[in-house]
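Structure file data-v1.csv with CSV, C-alpha atoms:
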chain,number,residue,atom,x,y,z
A,153,MET,CA,0.0,0.0,0.0
A,154,ASN,CA,2.7,2.4,1.0
A,155,ASP,CA,4.7,2.1,-2.2
A,156,LYS,CA,2.5,4.8,-3.9
A,157,VAL,CA,2.3,8.5,-3.1
A,158,GLY,CA,-0.9,9.3,-1.2
A,159,ILE,CA,-3.5,11.9,-2.5
A,160,VAL,CA,-5.6,14.2,-0.3
A,161,ILE,CA,-8.5,16.3,-1.6
A,162,VAL,CA,-9.4,19.4,0.3
A,163,SER,CA,-12.5,21.3,-0.7
A,164,HIS,CA,-14.7,23.9,1.0
A,165,SER,CA,-17.6,21.6,0.2
A,166,PRO,CA,-17.7,18.1,1.6
A,167,ASP,CA,-19.8,17.1,-1.5
A,168,VAL,CA,-17.1,18.5,-3.9
A,169,ALA,CA,-14.4,16.7,-2.0
A,170,LYS,CA,-16.3,13.4,-2.0
A,171,GLY,CA,-17.2,13.8,-5.7
A,172,ALA,CA,-13.6,14.4,-6.7
A,173,ALA,CA,-12.5,11.4,-4.7
A,174,ASP,CA,-15.2,9.2,-6.3
A,175,MET,CA,-13.9,10.2,-9.7
A,176,VAL,CA,-10.3,9.3,-8.7
A,177,ARG,CA,-11.5,5.9,-7.4
A,178,GLN,CA,-13.4,5.2,-10.6
A,179,MET,CA,-10.7,6.3,-13.0
A,180,VAL,CA,-7.6,5.2,-11.0
A,181,GLY,CA,-8.8,2.4,-8.7
A,182,ASN,CA,-8.2,1.6,-5.1
A,183,GLU,CA,-4.5,1.1,-5.0
A,184,VAL,CA,-3.5,4.7,-4.4
A,185,PRO,CA,-3.9,5.9,-0.8
A,186,LEU,CA,-6.7,8.5,-1.0
A,187,ALA,CA,-8.5,10.7,1.5
A,188,PHE,CA,-10.8,13.7,1.2
A,189,THR,CA,-12.1,16.4,3.5
A,190,GLY,CA,-14.4,19.4,3.2
A,191,GLY,CA,-16.4,21.7,5.4
A,192,ASP,CA,-15.4,24.0,8.3
A,193,PRO,CA,-15.3,23.0,12.0
A,194,GLY,CA,-18.9,24.2,12.4
A,195,GLY,CA,-20.3,22.1,9.6
A,196,GLY,CA,-20.6,24.9,7.0
A,197,LEU,CA,-18.7,25.5,3.8
A,198,GLY,CA,-15.0,25.9,4.5
A,199,THR,CA,-11.9,23.9,5.5
A,200,SER,CA,-10.5,22.7,8.8
A,201,VAL,CA,-6.9,22.2,9.8
A,202,GLU,CA,-8.0,19.4,12.1
A,203,THR,CA,-9.7,17.4,9.5
A,204,ILE,CA,-7.0,18.1,6.9
A,205,LEU,CA,-4.4,16.6,9.4
A,206,ALA,CA,-6.6,13.6,9.8
A,207,ALA,CA,-6.9,13.2,6.0
A,208,ILE,CA,-3.2,13.3,5.6
A,209,ASP,CA,-2.9,10.6,8.2
A,210,ARG,CA,-5.4,8.4,6.4
A,211,ALA,CA,-3.7,8.8,3.1
A,212,TRP,CA,-0.2,8.6,4.6
A,213,SER,CA,2.5,6.9,2.5
A,214,GLU,CA,6.2,6.8,3.2
A,215,LYS,CA,6.6,8.2,-0.3
A,216,GLY,CA,4.7,11.3,0.7
A,217,VAL,CA,1.3,12.9,0.2
A,218,ALA,CA,0.1,15.3,-2.5
A,219,ILE,CA,-2.8,17.6,-1.6
A,220,LEU,CA,-5.2,19.1,-4.1
A,221,VAL,CA,-7.2,22.1,-3.0
A,222,ASP,CA,-10.0,24.4,-4.4
A,223,LEU,CA,-10.0,28.0,-3.1
A,224,GLY,CA,-7.6,30.2,-1.1
A,225,GLY,CA,-8.6,29.1,2.4
A,226,ALA,CA,-8.2,25.5,1.5
A,227,GLU,CA,-4.6,26.2,0.5
A,228,THR,CA,-3.8,28.3,3.5
A,229,ASN,CA,-5.3,25.7,5.9
A,230,SER,CA,-3.4,22.9,4.1
A,231,GLU,CA,-0.1,24.7,4.4
A,232,MET,CA,-0.9,25.3,8.1
A,233,ALA,CA,-1.7,21.6,8.6
A,234,ILE,CA,1.7,20.6,7.0
A,235,GLU,CA,3.5,22.8,9.4
A,236,MET,CA,1.8,21.1,12.3
A,237,LEU,CA,2.8,17.6,11.2
A,238,PRO,CA,5.6,15.8,13.0
A,239,GLU,CA,8.9,17.1,11.6
A,240,ASP,CA,9.9,13.9,9.8
A,241,ARG,CA,6.6,14.1,7.8
A,242,GLN,CA,6.6,17.8,7.0
A,243,GLY,CA,9.0,17.6,4.0
A,244,ARG,CA,7.0,14.8,2.4
A,245,VAL,CA,3.6,16.6,2.0
A,246,VAL,CA,3.0,19.2,-0.7
A,247,VAL,CA,0.1,21.3,-1.9
A,248,CYS,CA,-0.2,21.1,-5.7
A,249,ASN,CA,-1.0,24.2,-7.6
A,250,ALA,CA,-3.6,22.5,-9.9
A,251,PRO,CA,-7.4,22.4,-10.4
A,252,ILE,CA,-8.9,20.2,-7.8
A,253,VAL,CA,-10.7,17.5,-9.8
A,254,GLU,CA,-8.4,17.2,-12.8
A,255,GLY,CA,-5.4,17.6,-10.6
A,256,ALA,CA,-6.5,14.8,-8.3
A,257,VAL,CA,-7.1,12.4,-11.2
A,258,MET,CA,-3.8,13.2,-12.8
A,259,ALA,CA,-1.9,13.1,-9.5
A,260,ALA,CA,-3.5,9.8,-8.6
A,261,THR,CA,-2.7,8.3,-12.1
A,262,GLU,CA,0.9,9.3,-11.7
A,263,ALA,CA,1.0,8.0,-8.2
A,264,TRP,CA,-0.5,4.7,-9.3
A,265,GLY,CA,2.4,4.2,-11.7
A,266,GLY,CA,4.9,4.5,-8.8
A,267,ALA,CA,6.1,8.0,-9.4
A,268,THR,CA,7.9,10.1,-6.7
A,269,LEU,CA,6.1,12.9,-4.9
A,270,ASP,CA,7.9,15.5,-7.0
A,271,GLU,CA,6.8,13.7,-10.2
A,272,VAL,CA,3.2,13.5,-9.0
A,273,ARG,CA,3.2,17.2,-8.1
A,274,ARG,CA,4.7,18.2,-11.5
A,275,THR,CA,2.2,16.2,-13.4
A,276,ALA,CA,-0.7,17.7,-11.6
A,277,GLU,CA,0.7,21.2,-12.0
A,278,GLU,CA,1.1,20.8,-15.8
A,279,LEU,CA,-2.6,21.5,-15.8
A,280,SER,CA,-2.1,25.0,-14.5
A,281,PRO,CA,-1.3,27.9,-16.9
A,282,ALA,CA,2.3,28.9,-16.4
B,506,MET,CA,1.3,52.1,34.7
B,507,THR,CA,1.2,48.7,36.2
B,508,THR,CA,4.2,46.5,36.0
B,509,THR,CA,2.5,43.1,36.4
B,510,LEU,CA,0.1,41.1,34.3
B,511,ASP,CA,-1.1,38.2,36.3
B,512,ALA,CA,-3.6,35.5,35.5
B,513,ALA,CA,-6.5,37.8,36.4
B,514,GLY,CA,-5.2,40.5,34.2
B,515,ARG,CA,-4.5,38.1,31.3
B,516,ARG,CA,-8.0,36.7,31.8
B,517,ALA,CA,-9.6,40.1,31.5
B,518,LEU,CA,-7.6,41.0,28.4
B,519,ILE,CA,-8.7,37.8,26.6
B,520,GLU,CA,-12.3,38.2,27.7
B,521,THR,CA,-12.4,41.8,26.5
B,522,ALA,CA,-10.9,41.0,23.1
B,523,ALA,CA,-13.0,38.0,22.6
B,524,ALA,CA,-16.2,39.7,23.6
B,525,ALA,CA,-15.5,42.6,21.3
B,526,VAL,CA,-15.2,40.3,18.3
B,527,ILE,CA,-18.1,38.1,19.2
B,528,ALA,CA,-20.4,41.2,19.7
B,529,ARG,CA,-19.6,42.3,16.1
B,530,ALA,CA,-19.9,38.9,14.4
B,531,ASP,CA,-22.9,40.0,12.4
B,532,GLU,CA,-21.2,43.2,11.2
B,533,LEU,CA,-18.1,41.2,10.1
B,534,THR,CA,-20.3,38.7,8.3
B,535,ALA,CA,-22.1,41.5,6.5
B,536,LEU,CA,-18.7,43.0,5.3
B,537,ASP,CA,-17.6,39.5,4.2
B,538,GLN,CA,-20.9,38.9,2.3
B,539,ALA,CA,-20.0,42.0,0.2
B,540,ILE,CA,-16.6,40.8,-1.0
B,541,GLY,CA,-15.9,37.4,0.4
B,542,ASP,CA,-17.8,34.2,1.2
B,543,GLY,CA,-19.7,35.7,4.1
B,544,ASP,CA,-18.3,33.6,6.9
B,545,HIS,CA,-15.8,35.8,8.6
B,546,GLY,CA,-18.0,36.9,11.5
B,547,LEU,CA,-19.2,33.3,12.2
B,548,ASN,CA,-15.7,31.9,11.9
B,549,MET,CA,-14.1,34.5,14.2
B,550,LYS,CA,-17.0,34.0,16.7
B,551,ARG,CA,-16.4,30.3,16.7
B,552,GLY,CA,-12.7,30.8,17.2
B,553,PHE,CA,-13.0,33.2,20.1
B,554,GLU,CA,-15.8,31.1,21.7
B,555,ALA,CA,-13.4,28.2,21.7
B,556,VAL,CA,-10.8,30.4,23.3
B,557,LEU,CA,-13.3,31.5,26.0
B,558,ALA,CA,-14.1,27.8,26.6
B,559,ASP,CA,-10.5,27.3,27.7
B,560,LEU,CA,-10.2,30.7,29.3
B,561,ASP,CA,-9.1,29.5,32.8
B,562,ALA,CA,-6.3,27.3,31.4
B,563,ILE,CA,-5.1,29.9,28.9
B,564,ALA,CA,-5.0,32.7,31.5
B,565,ALA,CA,-3.2,30.5,34.0
B,566,LYS,CA,-0.3,30.1,31.6
B,567,PRO,CA,2.5,32.7,31.2
B,568,LEU,CA,1.6,35.2,28.5
B,569,PRO,CA,3.7,33.7,25.7
B,570,GLU,CA,2.3,30.3,26.3
B,571,GLY,CA,-1.2,31.6,26.5
B,572,LEU,CA,-0.8,33.5,23.2
B,573,LYS,CA,0.4,30.3,21.5
B,574,GLN,CA,-2.5,28.3,22.8
B,575,ILE,CA,-4.9,31.0,21.5
B,576,GLY,CA,-3.1,30.7,18.1
B,577,THR,CA,-3.5,27.0,18.0
B,578,THR,CA,-7.2,27.3,19.0
B,579,MET,CA,-7.8,29.8,16.2
B,580,VAL,CA,-6.0,27.5,13.7
B,581,MET,CA,-8.1,24.5,14.7
B,582,LYS,CA,-11.5,26.1,15.2
B,583,VAL,CA,-11.9,29.1,12.9
B,584,GLY,CA,-12.1,27.3,9.6
B,585,GLY,CA,-11.8,30.0,6.9
B,586,ALA,CA,-8.5,31.6,5.8
B,587,SER,CA,-8.7,33.8,8.8
B,588,GLY,CA,-7.9,30.8,11.1
B,589,PRO,CA,-4.4,30.2,9.9
B,590,LEU,CA,-3.8,34.0,9.5
B,591,TYR,CA,-4.9,35.0,13.0
B,592,GLY,CA,-3.6,31.7,14.4
B,593,THR,CA,-0.1,32.5,12.9
B,594,LEU,CA,-0.4,36.0,14.3
B,595,PHE,CA,-1.0,34.8,17.9
B,596,LEU,CA,1.5,31.9,17.6
B,597,GLN,CA,4.3,34.2,16.5
B,598,LEU,CA,3.4,36.8,19.2
B,599,GLY,CA,3.8,34.1,21.7
B,600,LYS,CA,7.1,32.8,20.2
B,601,SER,CA,8.5,36.4,20.1
B,602,LEU,CA,7.7,37.1,23.7
B,603,ALA,CA,9.2,33.8,24.9
B,604,GLU,CA,11.7,35.6,27.1
B,605,LEU,CA,9.1,37.6,29.0
B,606,ALA,CA,9.5,37.3,32.8
B,607,PRO,CA,6.5,35.6,34.5
B,608,ASP,CA,3.6,38.0,35.0
B,609,ALA,CA,5.6,40.9,33.5
B,610,VAL,CA,4.0,43.5,31.2
B,611,PRO,CA,5.9,43.4,27.9
B,612,SER,CA,7.7,46.6,27.2
B,613,ARG,CA,6.7,48.8,24.2
B,614,ALA,CA,9.9,47.8,22.4
B,615,ALA,CA,9.2,44.1,23.0
B,616,LEU,CA,5.6,44.4,21.9
B,617,ALA,CA,6.6,46.3,18.8
B,618,ALA,CA,9.2,43.8,17.9
B,619,ALA,CA,6.8,40.9,18.5
B,620,LEU,CA,4.1,42.4,16.4
B,621,GLU,CA,6.7,43.1,13.6
B,622,ALA,CA,7.7,39.5,13.6
B,623,ALA,CA,4.1,38.4,13.7
B,624,ILE,CA,3.3,40.6,10.7
B,625,VAL,CA,6.2,39.0,8.8
B,626,ALA,CA,4.7,35.6,9.6
B,627,VAL,CA,1.2,36.5,8.5
B,628,LYS,CA,2.6,37.9,5.2
B,629,ALA,CA,4.3,34.6,4.6
B,630,ARG,CA,1.2,32.6,5.6
B,631,GLY,CA,-1.1,34.6,3.3
B,632,LYS,CA,1.5,35.2,0.6
B,633,SER,CA,0.4,38.8,0.9
B,634,GLU,CA,1.8,42.3,1.4
B,635,VAL,CA,0.5,45.6,2.8
B,636,GLY,CA,-1.8,47.4,0.4
B,637,GLN,CA,-3.7,44.3,-0.8
B,638,LYS,CA,-6.9,44.9,1.3
B,639,THR,CA,-6.2,42.5,4.2
B,640,LEU,CA,-5.7,42.6,7.9
B,641,LEU,CA,-2.1,43.5,7.2
B,642,ASP,CA,-3.3,47.0,6.2
B,643,VAL,CA,-4.4,47.5,9.9
B,644,LEU,CA,-1.7,45.6,11.6
B,645,ALA,CA,1.3,47.2,9.8
B,646,PRO,CA,0.3,50.9,10.5
B,647,VAL,CA,-0.6,50.1,14.1
B,648,GLN,CA,2.8,48.4,14.6
B,649,ALA,CA,4.5,51.4,13.1
B,650,ALA,CA,2.6,53.7,15.5
B,651,LEU,CA,3.4,51.4,18.4
B,652,ALA,CA,7.1,51.5,17.6
B,653,ASP,CA,6.9,55.3,17.3
B,654,GLY,CA,5.6,55.7,20.8
B,655,ALA,CA,1.9,56.3,20.2
B,656,ASP,CA,-0.3,56.0,23.3
B,657,ALA,CA,-3.3,53.6,23.5
B,658,VAL,CA,-5.8,56.1,22.3
B,659,ALA,CA,-3.7,57.0,19.3
B,660,LEU,CA,-3.2,53.3,18.5
B,661,ALA,CA,-7.0,52.8,18.4
B,662,THR,CA,-7.4,55.9,16.2
B,663,ARG,CA,-4.7,54.6,13.9
B,664,ALA,CA,-6.4,51.2,13.7
B,665,HIS,CA,-9.7,52.8,12.7
B,666,GLU,CA,-8.2,55.1,10.1
B,667,ALA,CA,-6.3,52.1,8.6
B,668,ALA,CA,-9.5,49.9,8.4
B,669,VAL,CA,-11.4,52.8,6.7
B,670,ALA,CA,-8.5,53.1,4.3
B,671,THR,CA,-9.1,49.6,3.0
B,672,VAL,CA,-12.4,50.7,1.5
B,673,PRO,CA,-11.0,52.1,-1.7
B,674,MET,CA,-8.4,49.4,-2.0
B,675,LYS,CA,-8.6,46.6,-4.6
B,676,ALA,CA,-8.3,43.1,-3.3
B,677,ILE,CA,-5.4,41.0,-4.6
B,678,ARG,CA,-5.6,38.1,-2.2
B,679,GLY,CA,-8.3,35.7,-1.1
B,680,ARG,CA,-11.7,35.3,-2.5
B,681,ALA,CA,-12.3,39.0,-2.8
B,682,SER,CA,-9.6,39.1,-5.5
B,683,PHE,CA,-12.0,37.3,-7.8
B,684,LEU,CA,-14.2,40.4,-7.7
B,685,GLY,CA,-11.4,42.6,-9.0
B,686,ASP,CA,-12.6,46.2,-9.2
B,687,ARG,CA,-15.8,45.2,-7.6
B,688,SER,CA,-14.0,44.7,-4.3
B,689,ILE,CA,-13.4,48.5,-4.3
B,690,GLY,CA,-15.8,50.4,-2.0
B,691,HIS,CA,-16.1,47.8,0.8
B,692,MET,CA,-14.1,47.7,4.0
B,693,ASP,CA,-12.0,44.5,4.3
B,694,PRO,CA,-13.6,42.2,6.9
B,695,GLY,CA,-10.1,41.1,8.2
B,696,ALA,CA,-9.0,44.7,8.5
B,697,ARG,CA,-12.1,45.4,10.5
B,698,SER,CA,-11.7,42.4,12.8
B,699,SER,CA,-8.1,43.5,13.5
B,700,GLU,CA,-9.3,47.0,14.3
B,701,ILE,CA,-11.9,45.6,16.7
B,702,LEU,CA,-9.2,43.5,18.5
B,703,ILE,CA,-6.7,46.4,18.7
B,704,THR,CA,-9.4,48.9,19.8
B,705,ALA,CA,-10.5,46.5,22.6
B,706,LEU,CA,-7.0,45.9,23.9
B,707,ALA,CA,-6.1,49.6,23.6
B,708,GLY,CA,-9.2,50.5,25.5
B,709,MET,CA,-8.0,48.3,28.4
B,710,ALA,CA,-4.5,49.8,28.3
B,711,ALA,CA,-6.0,53.3,28.3
B,712,GLY,CA,-8.3,52.5,31.1
B,713,ASP,CA,-5.1,51.2,32.8
B,714,HIS,CA,-5.6,48.0,34.6
B,715,GLY,CA,-9.0,48.4,36.0
B,716,ALA,CA,-8.8,45.1,34.3
B,717,ALA,CA,-6.2,43.7,36.5
B,718,ALA,CA,-8.0,44.9,39.6

Here is a file; write its structure as structure tokens.
Amino acid sequence: MNDKVGIVIVSHSPDVAKGAADMVRQMVGNEVPLAFTGGDPGGGLGTSVETILAAIDRAWSEKGVAILVDLGGAETNSEMAIEMLPEDRQGRVVVCNAPIVEGAVMAATEAWGGATLDEVRRTAEELSPA
Amino acid sequence: MTTTLDAAGRRALIETAAAAVIARADELTALDQAIGDGDHGLNMKRGFEAVLADLDAIAAKPLPEGLKQIGTTMVMKVGGASGPLYGTLFLQLGKSLAELAPDAVPSRAALAAALEAAIVAVKARGKSEVGQKTLLDVLAPVQAALADGADAVALATRAHEAAVATVPMKAIRGRASFLGDRSIGHMDPGARSSEILITALAGMAAGDHGAAA
């Protein structure tokens, strides 16, 4: 299980996060560690550092974890979560600058093939305009 | 001028700041509905209510440790982008004041230096600079005034002027940036929440430690 980079999907909306994860599962399968989270600590639209940390834990792989986010707060909260990880894990989690759905599918496809974290990130980020 | 800030004094400071923000949650939400996603008031209220829920434990700690706990609570409980931003602010204030003697009131120089370091940390967290219609547009001028020797009343005035000055600015960061020119003409909600916090704390400093009594 841990020979593939993990993928975490962080959206403001739990429905969007789950929907993106469903697409990854259908298109890439179950071999890539995958977790998703959405919604703020009060149950509204937003993101939560606490649930992002938990999602990173669920998708954890010794090869690292790539996070896909939607809007600004999701990125800021994901970066905050990375800083709160144990030190030996911090360097092995990255936020990809890529569209959340397409990025998640591309990153997971790359991860499935055994790519490194950096390769996974670069593949997802090819979707973003330079 | 008092020279000590004991648990009762810290408790009063935290309660006053939290109550000021919670009382204006609806106003902050209204500002955020104009240019953001309309959750700033609710998020800040949730964060400070979580701080108040731990008030005894936080106030019992030395100021630097208490500030760090407030920061962690904001990070975990607020939710929106304001959580990591305000969380980073309080975490860095706590880190910067680490050498403070137990129950001592931080000096003006120490406070100004701590706030300066906290502003640098918030800039990095938000990948933002002054002039982009954010809380930094209140924090930075207030820090400059503090370093220049302004008294509490002048600091509150500066905070208010700075928040008002965000009205004609165009947002570059956060969701308001999607609005482009349409973000012009509205006060930034984060600038306003910073003003509220600074005004509440300055009010206590000006009233000099009735709080600590």

Do a neighbour search on region 534-551 of chain B at 6 Å with all atoms listed in the file, toss out local chain neighbours closer than 6 positions, and write the hits as a VMD selection string.
-> chain B and resid 527 583 680 to 681 688 694

Go ahead and compute the interatomic distance for CA of Leu684 (chain B) and CA of Lys638 (chain B), in Å to one decimal.
->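 One can read the CA of Leu684 (chain B) to CA of Lys638 (chain B) distance as 12.4 Å.
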
Top pick for closest residue to Met674 (chain B), considering B:Lys566, B:Arg516, B:Lys632, B:Arg687 and counting only C-alpha atoms =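 Among the listed residues, the smallest separation from Met674 (chain B) belongs to B:Arg687.
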
Identify every residue of chain B that has at least one atom within 9 Å of any atom of chain A, counting all atoms listed in the file, and report the result as an MDAnalysis selection string.
-> chainID B and resid 544 548 551 580:590 593 630:631 678:680

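Taking all atoms listed in the file into account, Glu634 (chain B) lies nearest to B:Ile677 out of the set B:Leu605, B:Ile677, B:Ala696, B:Ala661.
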
Leaving out Gly654 (chain B) and any residue of its chain fewer than 6 positions from it, which residues lie within 12 Å of it when counting only C-alpha atoms, given as a PyMOL selection string?
-> chain B and resi 612-614+616-617+647-648+660

Using C-alpha atoms, can you write the selected residues to a file as a PDB file, in the frame of the given file?
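So selection35.pdb came out as:
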ATOM      1  CA  SER B 612       7.700  46.600  27.200  1.00  0.00           C
ATOM      2  CA  ARG B 613       6.700  48.800  24.200  1.00  0.00           C
ATOM      3  CA  ALA B 614       9.900  47.800  22.400  1.00  0.00           C
ATOM      4  CA  LEU B 616       5.600  44.400  21.900  1.00  0.00           C
ATOM      5  CA  ALA B 617       6.600  46.300  18.800  1.00  0.00           C
ATOM      6  CA  VAL B 647      -0.600  50.100  14.100  1.00  0.00           C
ATOM      7  CA  GLN B 648       2.800  48.400  14.600  1.00  0.00           C
ATOM      8  CA  LEU B 660      -3.200  53.300  18.500  1.00  0.00           C
TER       9      LEU B 660
END

Residue among A:Ala169, A:Val184, A:Leu220, A:Ile161 lying closest to Ala207 (chain A), counting all atoms listed in the file =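 Comparing A:Ala169, A:Val184, A:Leu220, A:Ile161 against Ala207 (chain A), the winner is A:Ile161.
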
Expected residue set, 10 Å radius at (-5.7, 21.6, -11.8), only C-alpha atoms, as a PyMOL selection string | chain A and resi 220-222+248-259+275-281

Enter the distance from CA of Asp561 (chain B) to CA of Gln574 (chain B), in Å, rounded to one decimal.
->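 For CA of Asp561 (chain B) relative to CA of Gln574 (chain B), the distance reads 12.0 Å.
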
Spatial neighbours of Gly216 (chain A), 10 Å, all atoms listed in the file, chain gap at least 2 places, as an MDAnalysis selection string | chainID A and resid 154:159 208 211:214 218 241:246 268:270

For the atom pair CA of Ala528 (chain B) and CA of Phe553 (chain B), what is the interatomic distance in Å to one decimal place?
-> 10.9 Å

Using all atoms listed in the file, which of B:Ala522, B:Ala558, B:Leu594, B:Val610 sits nearest Thr508 (chain B)?
->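 Among the listed residues, B:Val610 lies closest to Thr508 (chain B).
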
Determine the axis-aligned bounding box of all atoms of region 507-518 of chain B present in the file, pad each side by 3 Å, and express its centre and edge lengths in Å to one decimal place as lines of an AutoDock Vina configuration file.
center_x = -2.7
center_y = 42.1
center_z = 32.4
size_x = 19.8
size_y = 19.2
size_z = 14.0

Residue with smallest distance to Glu700 (chain B) - pool B:Thr671, B:Ser682, B:Thr578, B:Ser601, counting all atoms listed in the file =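 Closest candidate: B:Thr671.
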
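The smallest atom-to-atom distance between Asp511 (chain B) and any of B:Ala618, B:Pro567, B:Ala705, B:Ala670, using all atoms listed in the file, is found for B:Pro567.
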
List the neighbours of Ile519 (chain B) out to 10 Å using only C-alpha atoms; skip same-chain residues closer than 5 positions along the sequence, and give me the result as a PyMOL selection string.
-> chain B and resi 514+524-525+553+556-557+560+563-564+571-572+575+702+705-706

Add whatever atoms are absent from region 183-202 of chain A to reach N, CA and C atoms, and provide the output as a CSV table (one decimal), in the coordinates of the input.
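See selection-v2.csv below for the written result:
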chain,number,residue,atom,x,y,z
A,183,GLU,N,-5.8,1.4,-5.5
A,183,GLU,CA,-4.5,1.1,-5.0
A,183,GLU,C,-3.7,2.3,-4.5
A,184,VAL,N,-4.2,3.5,-4.9
A,184,VAL,CA,-3.5,4.7,-4.4
A,184,VAL,C,-4.2,5.1,-3.1
A,185,PRO,N,-3.4,5.4,-2.0
A,185,PRO,CA,-3.9,5.9,-0.8
A,185,PRO,C,-4.6,7.2,-1.0
A,186,LEU,N,-5.9,7.3,-0.6
A,186,LEU,CA,-6.7,8.5,-1.0
A,186,LEU,C,-7.6,8.9,0.2
A,187,ALA,N,-7.6,10.2,0.5
A,187,ALA,CA,-8.5,10.7,1.5
A,187,ALA,C,-9.0,12.0,1.1
A,188,PHE,N,-10.2,12.4,1.6
A,188,PHE,CA,-10.8,13.7,1.2
A,188,PHE,C,-11.4,14.3,2.5
A,189,THR,N,-11.5,15.6,2.4
A,189,THR,CA,-12.1,16.4,3.5
A,189,THR,C,-12.7,17.7,3.0
A,190,GLY,N,-13.8,18.1,3.6
A,190,GLY,CA,-14.4,19.4,3.2
A,190,GLY,C,-15.3,19.8,4.3
A,191,GLY,N,-15.5,21.2,4.4
A,191,GLY,CA,-16.4,21.7,5.4
A,191,GLY,C,-15.6,22.3,6.6
A,192,ASP,N,-16.1,23.3,7.2
A,192,ASP,CA,-15.4,24.0,8.3
A,192,ASP,C,-15.8,23.3,9.7
A,193,PRO,N,-15.1,23.7,10.8
A,193,PRO,CA,-15.3,23.0,12.0
A,193,PRO,C,-16.8,23.1,12.5
A,194,GLY,N,-17.5,24.1,12.0
A,194,GLY,CA,-18.9,24.2,12.4
A,194,GLY,C,-19.9,23.5,11.5
A,195,GLY,N,-19.4,22.8,10.5
A,195,GLY,CA,-20.3,22.1,9.6
A,195,GLY,C,-20.7,22.9,8.3
A,196,GLY,N,-20.2,24.1,8.2
A,196,GLY,CA,-20.6,24.9,7.0
A,196,GLY,C,-19.5,24.7,6.0
A,197,LEU,N,-19.6,25.5,4.9
A,197,LEU,CA,-18.7,25.5,3.8
A,197,LEU,C,-17.4,26.1,4.3
A,198,GLY,N,-16.2,25.4,4.1
A,198,GLY,CA,-15.0,25.9,4.5
A,198,GLY,C,-14.0,24.7,4.7
A,199,THR,N,-12.9,25.0,5.3
A,199,THR,CA,-11.9,23.9,5.5
A,199,THR,C,-11.4,23.9,7.0
A,200,SER,N,-10.9,22.8,7.4
A,200,SER,CA,-10.5,22.7,8.8
A,200,SER,C,-9.1,22.1,8.9
A,201,VAL,N,-8.2,22.7,9.6
A,201,VAL,CA,-6.9,22.2,9.8
A,201,VAL,C,-6.9,20.8,10.4
A,202,GLU,N,-7.8,20.7,11.4
A,202,GLU,CA,-8.0,19.4,12.1
A,202,GLU,C,-8.3,18.3,11.2
